$ cat start28.pdb   # PDB, C-alpha atoms
ATOM      1  CA  MET A 217       9.844  10.877 -17.314  1.00  0.00           C
ATOM      2  CA  ASP A 218       7.296   9.588 -19.834  1.00  0.00           C
ATOM      3  CA  VAL A 219       5.109   7.302 -17.735  1.00  0.00           C
ATOM      4  CA  HIS A 220       1.629   5.934 -18.291  1.00  0.00           C
ATOM      5  CA  PHE A 221      -0.654   4.335 -15.721  1.00  0.00           C
ATOM      6  CA  GLN A 222      -2.814   1.262 -15.963  1.00  0.00           C
ATOM      7  CA  ARG A 223      -5.500  -0.043 -13.590  1.00  0.00           C
ATOM      8  CA  HIS A 224      -5.851  -3.759 -12.842  1.00  0.00           C
ATOM      9  CA  ASP A 225      -8.491  -5.674 -10.935  1.00  0.00           C
ATOM     10  CA  GLY A 226      -7.591  -8.979  -9.241  1.00  0.00           C
ATOM     11  CA  PRO A 227      -7.734 -11.248 -12.307  1.00  0.00           C
ATOM     12  CA  SER A 228      -5.840  -8.722 -14.428  1.00  0.00           C
ATOM     13  CA  ALA A 229      -3.195  -8.204 -11.736  1.00  0.00           C
ATOM     14  CA  LYS A 230      -2.776 -11.962 -11.433  1.00  0.00           C
ATOM     15  CA  GLY A 231      -1.648 -11.921 -15.070  1.00  0.00           C
ATOM     16  CA  ILE A 232       1.238  -9.550 -14.241  1.00  0.00           C
ATOM     17  CA  ALA A 233       2.052 -10.997 -10.806  1.00  0.00           C
ATOM     18  CA  ASP A 234       5.594 -11.972 -11.795  1.00  0.00           C
ATOM     19  CA  GLU A 235       6.346  -8.396 -12.853  1.00  0.00           C
ATOM     20  CA  LEU A 236       4.845  -7.010  -9.628  1.00  0.00           C
ATOM     21  CA  ILE A 237       6.915  -9.431  -7.575  1.00  0.00           C
ATOM     22  CA  SER A 238      10.043  -8.485  -9.519  1.00  0.00           C
ATOM     23  CA  VAL A 239       9.536  -4.808  -8.631  1.00  0.00           C
ATOM     24  CA  TYR A 240       9.065  -5.770  -4.981  1.00  0.00           C
ATOM     25  CA  ALA A 241      12.277  -7.833  -5.044  1.00  0.00           C
ATOM     26  CA  ARG A 242      14.261  -4.842  -6.306  1.00  0.00           C
ATOM     27  CA  VAL A 243      12.712  -2.275  -3.970  1.00  0.00           C
ATOM     28  CA  TYR A 244      13.134  -4.419  -0.847  1.00  0.00           C
ATOM     29  CA  ASP A 245      16.654  -5.638  -1.674  1.00  0.00           C
ATOM     30  CA  LYS A 246      18.259  -3.329   0.892  1.00  0.00           C
ATOM     31  CA  PRO A 247      18.664  -3.064   4.647  1.00  0.00           C
ATOM     32  CA  PRO A 248      16.771  -3.438   6.889  1.00  0.00           C
ATOM     33  CA  TYR A 249      14.547  -5.647   4.684  1.00  0.00           C
ATOM     34  CA  VAL A 250      17.053  -7.952   3.022  1.00  0.00           C
ATOM     35  CA  GLY A 251      17.454 -11.116   5.071  1.00  0.00           C
ATOM     36  CA  ASP A 252      14.277 -10.512   7.104  1.00  0.00           C
ATOM     37  CA  PRO A 253      11.911 -13.447   6.460  1.00  0.00           C
ATOM     38  CA  PHE A 254       8.843 -11.166   6.742  1.00  0.00           C
ATOM     39  CA  PHE A 255      10.088  -9.223   3.688  1.00  0.00           C
ATOM     40  CA  SER A 256      11.180 -12.228   1.651  1.00  0.00           C
ATOM     41  CA  VAL A 257       9.976 -12.455  -1.918  1.00  0.00           C
ATOM     42  CA  ASP A 258       8.148 -15.699  -1.125  1.00  0.00           C
ATOM     43  CA  MET A 259       6.239 -14.108   1.776  1.00  0.00           C
ATOM     44  CA  PHE A 260       5.326 -11.126  -0.398  1.00  0.00           C
ATOM     45  CA  ARG A 261       4.168 -13.433  -3.199  1.00  0.00           C
ATOM     46  CA  ASP A 262       1.856 -15.209  -0.746  1.00  0.00           C
ATOM     47  CA  ARG A 263       0.427 -11.909   0.555  1.00  0.00           C
ATOM     48  CA  LEU A 264      -0.039 -10.529  -2.959  1.00  0.00           C
ATOM     49  CA  VAL A 265      -1.741 -13.632  -4.352  1.00  0.00           C
ATOM     50  CA  ALA A 266      -4.071 -13.718  -1.326  1.00  0.00           C
ATOM     51  CA  ALA A 267      -4.913 -10.033  -1.894  1.00  0.00           C
ATOM     52  CA  PHE A 268      -6.078 -10.592  -5.498  1.00  0.00           C
ATOM     53  CA  GLY A 269      -9.384 -11.973  -4.229  1.00  0.00           C
ATOM     54  CA  SER A 270     -10.009  -9.187  -1.711  1.00  0.00           C
ATOM     55  CA  GLU A 271     -13.131  -7.062  -2.044  1.00  0.00           C
ATOM     56  CA  GLY A 272     -12.344  -3.998  -4.138  1.00  0.00           C
ATOM     57  CA  PHE A 273      -8.794  -5.151  -4.975  1.00  0.00           C
ATOM     58  CA  GLU A 274      -7.004  -2.895  -7.428  1.00  0.00           C
ATOM     59  CA  THR A 275      -3.490  -2.135  -8.506  1.00  0.00           C
ATOM     60  CA  VAL A 276      -2.307   0.842 -10.504  1.00  0.00           C
ATOM     61  CA  THR A 277       0.933   0.273 -12.376  1.00  0.00           C
ATOM     62  CA  ALA A 278       3.273   2.933 -13.744  1.00  0.00           C
ATOM     63  CA  TRP A 279       4.902   1.919 -17.016  1.00  0.00           C
ATOM     64  CA  GLN A 280       7.960   3.353 -18.719  1.00  0.00           C
ATOM     65  CA  ASP A 281       9.630   1.889 -21.808  1.00  0.00           C
ATOM     66  CA  GLY A 282       7.493  -1.248 -21.600  1.00  0.00           C
ATOM     67  CA  GLN A 283       8.245  -2.112 -17.981  1.00  0.00           C
ATOM     68  CA  ILE A 284       6.606  -1.501 -14.627  1.00  0.00           C
ATOM     69  CA  VAL A 285       8.598   1.126 -12.726  1.00  0.00           C
ATOM     70  CA  GLY A 286       6.232   1.412  -9.787  1.00  0.00           C
ATOM     71  CA  TYR A 287       2.807   0.449  -8.514  1.00  0.00           C
ATOM     72  CA  VAL A 288       0.301   0.588  -5.734  1.00  0.00           C
ATOM     73  CA  HIS A 289      -2.173  -2.037  -4.677  1.00  0.00           C
ATOM     74  CA  GLY A 290      -4.968  -2.086  -2.172  1.00  0.00           C
ATOM     75  CA  ALA A 291      -8.559  -3.036  -1.501  1.00  0.00           C
ATOM     76  CA  THR A 292     -11.602  -2.070   0.482  1.00  0.00           C
ATOM     77  CA  LEU A 293     -10.685  -2.287   4.174  1.00  0.00           C
ATOM     78  CA  PRO A 294     -12.533  -5.118   5.936  1.00  0.00           C
ATOM     79  CA  ALA A 295     -14.013  -3.637   9.129  1.00  0.00           C
ATOM     80  CA  ASP A 296     -12.922  -6.768  10.997  1.00  0.00           C
ATOM     81  CA  LYS A 297      -9.259  -6.688   9.874  1.00  0.00           C
ATOM     82  CA  PRO A 298      -7.181  -7.522  12.995  1.00  0.00           C
ATOM     83  CA  TRP A 299      -4.695  -4.657  12.617  1.00  0.00           C
ATOM     84  CA  TRP A 300      -7.596  -2.221  12.180  1.00  0.00           C
ATOM     85  CA  LEU A 301      -9.439  -3.542  15.236  1.00  0.00           C
ATOM     86  CA  SER A 302      -6.228  -3.468  17.307  1.00  0.00           C
ATOM     87  CA  LEU A 303      -6.283   0.339  17.104  1.00  0.00           C
ATOM     88  CA  GLY A 304      -9.519   0.438  19.120  1.00  0.00           C
ATOM     89  CA  ASP A 305     -10.521   3.975  20.076  1.00  0.00           C
ATOM     90  CA  GLN A 306      -7.458   5.452  18.360  1.00  0.00           C
ATOM     91  CA  ARG A 307      -9.509   5.251  15.163  1.00  0.00           C
ATOM     92  CA  PRO A 308     -11.591   8.379  14.628  1.00  0.00           C
ATOM     93  CA  GLU A 309     -15.299   7.593  15.084  1.00  0.00           C
ATOM     94  CA  LYS A 310     -16.172   8.818  11.600  1.00  0.00           C
ATOM     95  CA  LEU A 311     -13.518   6.515  10.115  1.00  0.00           C
ATOM     96  CA  ARG A 312     -14.844   3.534  12.087  1.00  0.00           C
ATOM     97  CA  LYS A 313     -18.317   4.176  10.696  1.00  0.00           C
ATOM     98  CA  LEU A 314     -16.938   4.496   7.169  1.00  0.00           C
ATOM     99  CA  ALA A 315     -15.113   1.162   7.564  1.00  0.00           C
ATOM    100  CA  ASP A 316     -18.343  -0.466   8.769  1.00  0.00           C
ATOM    101  CA  ASP A 317     -19.968   0.837   5.565  1.00  0.00           C
ATOM    102  CA  ARG A 318     -17.082  -0.438   3.381  1.00  0.00           C
ATOM    103  CA  GLN A 319     -16.048   3.116   2.583  1.00  0.00           C
ATOM    104  CA  VAL A 320     -12.337   2.952   3.469  1.00  0.00           C
ATOM    105  CA  PHE A 321      -9.651   2.086   0.925  1.00  0.00           C
ATOM    106  CA  TRP A 322      -6.691   0.163   2.404  1.00  0.00           C
ATOM    107  CA  LEU A 323      -3.572   1.126   0.475  1.00  0.00           C
ATOM    108  CA  ARG A 324      -1.494  -1.995   1.076  1.00  0.00           C
ATOM    109  CA  GLU A 325       1.687  -1.367  -0.914  1.00  0.00           C
ATOM    110  CA  LEU A 326       3.217   1.539  -2.810  1.00  0.00           C
ATOM    111  CA  MET A 327       6.614   1.091  -4.396  1.00  0.00           C
ATOM    112  CA  VAL A 328       8.832   2.667  -7.039  1.00  0.00           C
ATOM    113  CA  LEU A 329      12.014   1.198  -8.490  1.00  0.00           C
ATOM    114  CA  PRO A 330      15.125   2.743  -6.892  1.00  0.00           C
ATOM    115  CA  GLU A 331      16.267   4.422 -10.105  1.00  0.00           C
ATOM    116  CA  CYS A 332      12.885   6.143 -10.465  1.00  0.00           C
ATOM    117  CA  GLN A 333      12.542   7.388  -6.887  1.00  0.00           C
ATOM    118  CA  SER A 334      12.687  11.029  -5.769  1.00  0.00           C
ATOM    119  CA  ARG A 335      10.948  12.248  -8.935  1.00  0.00           C
ATOM    120  CA  GLY A 336       7.363  12.470  -7.692  1.00  0.00           C
ATOM    121  CA  LEU A 337       6.314   9.164  -9.250  1.00  0.00           C
ATOM    122  CA  GLY A 338       5.158   7.681  -5.941  1.00  0.00           C
ATOM    123  CA  ARG A 339       2.824  10.645  -5.434  1.00  0.00           C
ATOM    124  CA  GLN A 340       1.482  10.312  -8.981  1.00  0.00           C
ATOM    125  CA  ILE A 341       0.759   6.609  -8.490  1.00  0.00           C
ATOM    126  CA  HIS A 342      -0.870   7.319  -5.123  1.00  0.00           C
ATOM    127  CA  ASP A 343      -3.049  10.116  -6.482  1.00  0.00           C
ATOM    128  CA  THR A 344      -4.062   8.038  -9.511  1.00  0.00           C
ATOM    129  CA  VAL A 345      -5.350   5.133  -7.428  1.00  0.00           C
ATOM    130  CA  ILE A 346      -7.105   7.414  -4.907  1.00  0.00           C
ATOM    131  CA  ALA A 347      -8.825   9.425  -7.663  1.00  0.00           C
ATOM    132  CA  GLY A 348     -10.350   6.251  -9.078  1.00  0.00           C
ATOM    133  CA  ARG A 349     -11.682   4.844  -5.806  1.00  0.00           C
ATOM    134  CA  ALA A 350     -15.286   5.026  -4.618  1.00  0.00           C
ATOM    135  CA  GLU A 351     -14.371   4.920  -0.923  1.00  0.00           C
ATOM    136  CA  SER A 352     -14.552   8.114   1.147  1.00  0.00           C
ATOM    137  CA  ALA A 353     -11.258   7.700   3.027  1.00  0.00           C
ATOM    138  CA  THR A 354      -7.933   5.925   2.743  1.00  0.00           C
ATOM    139  CA  THR A 355      -5.831   4.134   5.316  1.00  0.00           C
ATOM    140  CA  LEU A 356      -2.377   2.594   5.181  1.00  0.00           C
ATOM    141  CA  THR A 357       0.359   1.307   7.422  1.00  0.00           C
ATOM    142  CA  CYS A 358       3.923   2.575   7.156  1.00  0.00           C
ATOM    143  CA  ILE A 359       6.938   0.904   8.735  1.00  0.00           C
ATOM    144  CA  ILE A 360       8.336   2.993  11.549  1.00  0.00           C
ATOM    145  CA  GLY A 361      11.850   3.845  10.461  1.00  0.00           C
ATOM    146  CA  ASN A 362      10.999   4.128   6.756  1.00  0.00           C
ATOM    147  CA  GLN A 363      11.466   7.872   7.074  1.00  0.00           C
ATOM    148  CA  PRO A 364      11.181   8.830   3.380  1.00  0.00           C
ATOM    149  CA  ALA A 365       7.781   7.109   3.042  1.00  0.00           C
ATOM    150  CA  HIS A 366       6.620   8.267   6.468  1.00  0.00           C
ATOM    151  CA  ASP A 367       7.479  11.907   5.703  1.00  0.00           C
ATOM    152  CA  ALA A 368       5.846  11.701   2.272  1.00  0.00           C
ATOM    153  CA  TYR A 369       2.572  10.374   3.682  1.00  0.00           C
ATOM    154  CA  LEU A 370       2.472  13.174   6.242  1.00  0.00           C
ATOM    155  CA  ARG A 371       3.129  15.763   3.489  1.00  0.00           C
ATOM    156  CA  TRP A 372       0.309  14.216   1.434  1.00  0.00           C
ATOM    157  CA  GLY A 373      -2.153  14.829   4.261  1.00  0.00           C
ATOM    158  CA  TYR A 374      -2.167  11.568   6.223  1.00  0.00           C
ATOM    159  CA  SER A 375      -2.561  11.551  10.009  1.00  0.00           C
ATOM    160  CA  ILE A 376      -1.252   8.908  12.390  1.00  0.00           C
ATOM    161  CA  MET A 377      -3.829   6.954  14.405  1.00  0.00           C
ATOM    162  CA  GLY A 378      -1.490   4.651  16.308  1.00  0.00           C
ATOM    163  CA  GLN A 379       0.951   1.789  15.977  1.00  0.00           C
ATOM    164  CA  ILE A 380       0.244  -1.800  14.940  1.00  0.00           C
ATOM    165  CA  LYS A 381       1.888  -5.067  13.955  1.00  0.00           C
ATOM    166  CA  HIS A 382       0.494  -7.066  11.043  1.00  0.00           C
ATOM    167  CA  ALA A 383       1.865 -10.311  12.448  1.00  0.00           C
ATOM    168  CA  PRO A 384       4.044 -11.373  15.380  1.00  0.00           C
ATOM    169  CA  GLU A 385       7.072 -11.475  13.052  1.00  0.00           C
ATOM    170  CA  SER A 386       6.367  -8.107  11.393  1.00  0.00           C
ATOM    171  CA  PRO A 387       7.935  -4.783  12.319  1.00  0.00           C
ATOM    172  CA  VAL A 388       5.920  -2.048  14.017  1.00  0.00           C
ATOM    173  CA  TYR A 389       3.934   0.197  11.688  1.00  0.00           C
ATOM    174  CA  ASP A 390       2.248   3.563  12.025  1.00  0.00           C
ATOM    175  CA  ALA A 391      -1.404   3.229  11.025  1.00  0.00           C
ATOM    176  CA  MET A 392      -2.324   6.341   9.056  1.00  0.00           C
ATOM    177  CA  PHE A 393      -5.427   7.723   7.371  1.00  0.00           C
ATOM    178  CA  LEU A 394      -6.299  10.294   4.744  1.00  0.00           C
ATOM    179  CA  PRO A 395      -9.657  11.852   5.629  1.00  0.00           C
ATOM    180  CA  SER A 396     -11.326  12.119   2.227  1.00  0.00           C
ATOM    181  CA  ASN A 397     -10.639  11.317  -1.402  1.00  0.00           C
TER     182      ASN A 397
END

$ encode --input "start28.pdb" --output "C-alpha cells"
Amino acid sequence: MDVHFQRHDGPSAKGIADELISVYARVYDKPPYVGDPFFSVDMFRDRLVAAFGSEGFETVTAWQDGQIVGYVHGATLPADKPWWLSLGDQRPEKLRKLADDRQVFWLRELMVLPECQSRGLGRQIHDTVIAGRAESATTLTCIIGNQPAHDAYLRWGYSIMGQIKHAPESPVYDAMFLPSN
C-alpha cells in the first residue's frame, strides 16, 4: 500500500473538511452506528468544525491515489474537559499534572476506510501523529463494544482509566491513556 501522510492544523483541515466528513460517513455507515443520531454525519460535522479551533488541533491524513484513506485528529486536552474531570481519581496523578500543564494530547478520532482496514494503516496514522506531538502523554476514548479498536489500543500500549460518556445521548466509552510519546 503506497500511502503518504500529511499534517494539517485547524485552518488547513478546514479546507479538507468535506473529505474528512466523507471518510467518516463511510466508516460509520454500519451497525451499531448507522441510524444513531449521535453518530450522524451532521453531528460529526458539528463536532469536527468545533474542534478546528481547539488548542493544539491537528489532523494527520493518509493519502493513496489522490484520496484520503484514513486520518486521525486531536488536540491538546483541556484540563477542565468534562469527560476528563468525570474520571476523578481514576486518572493517574502524573497524568492529571500533565493535563494541568497542557502536556496531554487528546486523540479524538482515528479512522480508516473499510477497504483499507486490517493492513496496519491505523497504527501508522496513530504513530505518525504521536511522533509529531510535543505533549508527554496521549489519551483517547474508545466505544465499549468496538472490539477491534479496543484491542488495538491495548496492544499499542494504552491502559484503561475508567468509563465515561461524552454526552447524555452518547454510548459509554473506555477512557484510555498512553504514558509517554

$ closest_atom_pairs --input "start28.pdb" --of "segment 232-262 of chain A" --to "segment 358-370 of chain A" --cutoff "12 Å" --atoms "only C-alpha atoms" --output "tab-separated table"
residue	atom	partner	partner_atom	distance
A:Tyr244	CA	A:Asn362	CA	11.6
A:Lys246	CA	A:Asn362	CA	11.9
A:Pro247	CA	A:Asn362	CA	10.7
A:Pro248	CA	A:Gly361	CA	9.5
A:Tyr249	CA	A:Asn362	CA	10.6
A:Phe255	CA	A:Ile359	CA	11.7

$ closest_residue --input "start28.pdb" --among "A:Val257, A:Val285, A:Val276, A:Leu293" --to "Ile346 of chain A" --atoms "all atoms listed in the file"
A:Val276

$ resolve_selection --input "start28.pdb" --expression "the PyMOL selection byres ((chain A and resi 325) around 9)" --output "NGL selection string"
:A and (287-290 or 323-324 or 326-327 or 356-357)

$ closest_residue --input "start28.pdb" --among "A:Val345, A:Lys313, A:Pro308, A:Lys230" --to "Phe393 of chain A" --atoms "all atoms listed in the file"
A:Pro308

$ resolve_selection --input "start28.pdb" --expression "the PyMOL selection byres ((chain A and resi 386) around 10)" --output "VMD selection string"
chain A and resid 252 to 255 359 380 to 385 387 to 389

$ write_last_selection --input "start28.pdb" --atoms "C-alpha atoms" --output "tab-separated table (two decimals), in the coordinates of the input"
chain	number	residue	atom	x	y	z
A	252	ASP	CA	14.28	-10.51	7.10
A	253	PRO	CA	11.91	-13.45	6.46
A	254	PHE	CA	8.84	-11.17	6.74
A	255	PHE	CA	10.09	-9.22	3.69
A	359	ILE	CA	6.94	0.90	8.74
A	380	ILE	CA	0.24	-1.80	14.94
A	381	LYS	CA	1.89	-5.07	13.96
A	382	HIS	CA	0.49	-7.07	11.04
A	383	ALA	CA	1.86	-10.31	12.45
A	384	PRO	CA	4.04	-11.37	15.38
A	385	GLU	CA	7.07	-11.48	13.05
A	387	PRO	CA	7.94	-4.78	12.32
A	388	VAL	CA	5.92	-2.05	14.02
A	389	TYR	CA	3.93	0.20	11.69

$ residues_near_point --input "start28.pdb" --point "(-14.9, 1.9, -0.1)" --cutoff "7 Å" --atoms "all atoms listed in the file" --output "ChimeraX atom specification"
/A:292,318-321,350-352

$ resolve_selection --input "start28.pdb" --expression "the PyMOL selection byres ((chain A and resi 264) around 12)" --output "ChimeraX atom specification"
/A:226,229-230,232-237,240,257-263,265-270,273-275,288-291,324-325

$ closest_residue --input "start28.pdb" --among "A:Trp372, A:Trp322, A:Asp343, A:Gly272" --to "Trp299 of chain A" --atoms "all atoms listed in the file"
A:Trp322

$ atom_distance --input "start28.pdb" --atom1 "atom CA of Lys297 of chain A" --atom2 "atom CA of Ala353 of chain A"
16.1 Å

$ atom_distance --input "start28.pdb" --atom1 "atom CA of Gly373 of chain A" --atom2 "atom CA of Arg339 of chain A"
11.7 Å

$ atom_distance --input "start28.pdb" --atom1 "atom CA of Asp316 of chain A" --atom2 "atom CA of Pro294 of chain A"
8.0 Å

$ closest_residue --input "start28.pdb" --among "A:Glu331, A:Gly338, A:Gln280, A:Thr355" --to "Arg312 of chain A" --atoms "only C-alpha atoms"
A:Thr355

$ closest_residue --input "start28.pdb" --among "A:Ile284, A:Asp245, A:Ser228, A:Gly251" --to "Leu337 of chain A" --atoms "only C-alpha atoms"
A:Ile284

$ closest_residue --input "start28.pdb" --among "A:Arg307, A:Arg242, A:Arg349, A:His342" --to "Ile376 of chain A" --atoms "all atoms listed in the file"
A:Arg307

$ build_atoms --input "start28.pdb" --residues "segment 307-332 of chain A" --atoms "N, CA, C and O atoms" --output "compact mmCIF listing (two decimals), in the coordinates of the input"
# COMPACT_ATOMS: atom_id res chain seq x y z
N ARG A 307 -8.90 4.99 16.47
CA ARG A 307 -9.51 5.25 15.16
C ARG A 307 -10.58 6.32 15.34
O ARG A 307 -11.45 6.17 16.19
N PRO A 308 -10.54 7.38 14.53
CA PRO A 308 -11.59 8.38 14.63
C PRO A 308 -12.96 7.73 14.41
O PRO A 308 -13.12 6.83 13.58
N GLU A 309 -13.96 8.19 15.16
CA GLU A 309 -15.30 7.59 15.08
C GLU A 309 -15.85 7.62 13.66
O GLU A 309 -16.41 6.62 13.19
N LYS A 310 -15.67 8.73 12.97
CA LYS A 310 -16.17 8.82 11.60
C LYS A 310 -15.52 7.75 10.71
O LYS A 310 -16.18 7.14 9.88
N LEU A 311 -14.23 7.52 10.91
CA LEU A 311 -13.52 6.52 10.12
C LEU A 311 -14.01 5.11 10.44
O LEU A 311 -14.15 4.27 9.55
N ARG A 312 -14.30 4.84 11.70
CA ARG A 312 -14.84 3.53 12.09
C ARG A 312 -16.18 3.29 11.39
O ARG A 312 -16.44 2.20 10.88
N LYS A 313 -17.01 4.31 11.35
CA LYS A 313 -18.32 4.18 10.70
C LYS A 313 -18.14 3.96 9.19
O LYS A 313 -18.85 3.15 8.59
N LEU A 314 -17.20 4.69 8.59
CA LEU A 314 -16.94 4.50 7.17
C LEU A 314 -16.46 3.07 6.89
O LEU A 314 -16.87 2.45 5.91
N ALA A 315 -15.60 2.54 7.75
CA ALA A 315 -15.11 1.16 7.56
C ALA A 315 -16.27 0.18 7.68
O ALA A 315 -16.36 -0.78 6.90
N ASP A 316 -17.16 0.40 8.63
CA ASP A 316 -18.34 -0.47 8.77
C ASP A 316 -19.19 -0.45 7.50
O ASP A 316 -19.82 -1.45 7.16
N ASP A 317 -19.19 0.69 6.80
CA ASP A 317 -19.97 0.84 5.56
C ASP A 317 -19.16 0.52 4.31
O ASP A 317 -19.57 0.84 3.20
N ARG A 318 -17.98 -0.08 4.48
CA ARG A 318 -17.08 -0.44 3.38
C ARG A 318 -16.69 0.79 2.54
O ARG A 318 -16.65 0.74 1.32
N GLN A 319 -16.39 1.86 3.23
CA GLN A 319 -16.05 3.12 2.58
C GLN A 319 -14.62 3.58 2.87
O GLN A 319 -14.33 4.77 2.78
N VAL A 320 -13.74 2.62 3.23
CA VAL A 320 -12.34 2.95 3.47
C VAL A 320 -11.47 2.10 2.54
O VAL A 320 -11.60 0.87 2.51
N PHE A 321 -10.61 2.76 1.78
CA PHE A 321 -9.65 2.09 0.92
C PHE A 321 -8.40 1.81 1.75
O PHE A 321 -7.88 2.70 2.43
N TRP A 322 -7.92 0.56 1.72
CA TRP A 322 -6.69 0.16 2.40
C TRP A 322 -5.58 0.10 1.37
O TRP A 322 -5.52 -0.82 0.56
N LEU A 323 -4.72 1.09 1.36
CA LEU A 323 -3.57 1.13 0.48
C LEU A 323 -2.52 0.20 1.10
O LEU A 323 -1.94 0.52 2.12
N ARG A 324 -2.34 -0.95 0.48
CA ARG A 324 -1.49 -2.00 1.08
C ARG A 324 -0.02 -1.85 0.74
O ARG A 324 0.83 -2.13 1.56
N GLU A 325 0.29 -1.49 -0.48
CA GLU A 325 1.69 -1.37 -0.91
C GLU A 325 1.80 -0.24 -1.93
O GLU A 325 0.94 -0.08 -2.79
N LEU A 326 2.86 0.52 -1.83
CA LEU A 326 3.22 1.54 -2.81
C LEU A 326 4.72 1.46 -2.97
O LEU A 326 5.46 1.58 -1.98
N MET A 327 5.17 1.21 -4.19
CA MET A 327 6.61 1.09 -4.40
C MET A 327 7.02 1.60 -5.77
O MET A 327 6.24 1.54 -6.72
N VAL A 328 8.24 2.12 -5.81
CA VAL A 328 8.83 2.67 -7.04
C VAL A 328 10.26 2.13 -7.12
O VAL A 328 10.97 2.08 -6.11
N LEU A 329 10.65 1.70 -8.30
CA LEU A 329 12.01 1.20 -8.49
C LEU A 329 13.03 2.24 -8.02
O LEU A 329 12.82 3.45 -8.20
N PRO A 330 14.14 1.79 -7.43
CA PRO A 330 15.12 2.74 -6.89
C PRO A 330 15.57 3.81 -7.88
O PRO A 330 15.69 4.99 -7.52
N GLU A 331 15.78 3.44 -9.12
CA GLU A 331 16.27 4.42 -10.10
C GLU A 331 15.21 5.44 -10.52
O GLU A 331 15.52 6.43 -11.19
N CYS A 332 13.97 5.22 -10.12
CA CYS A 332 12.88 6.14 -10.46
C CYS A 332 12.36 6.92 -9.25
O CYS A 332 11.40 7.68 -9.37
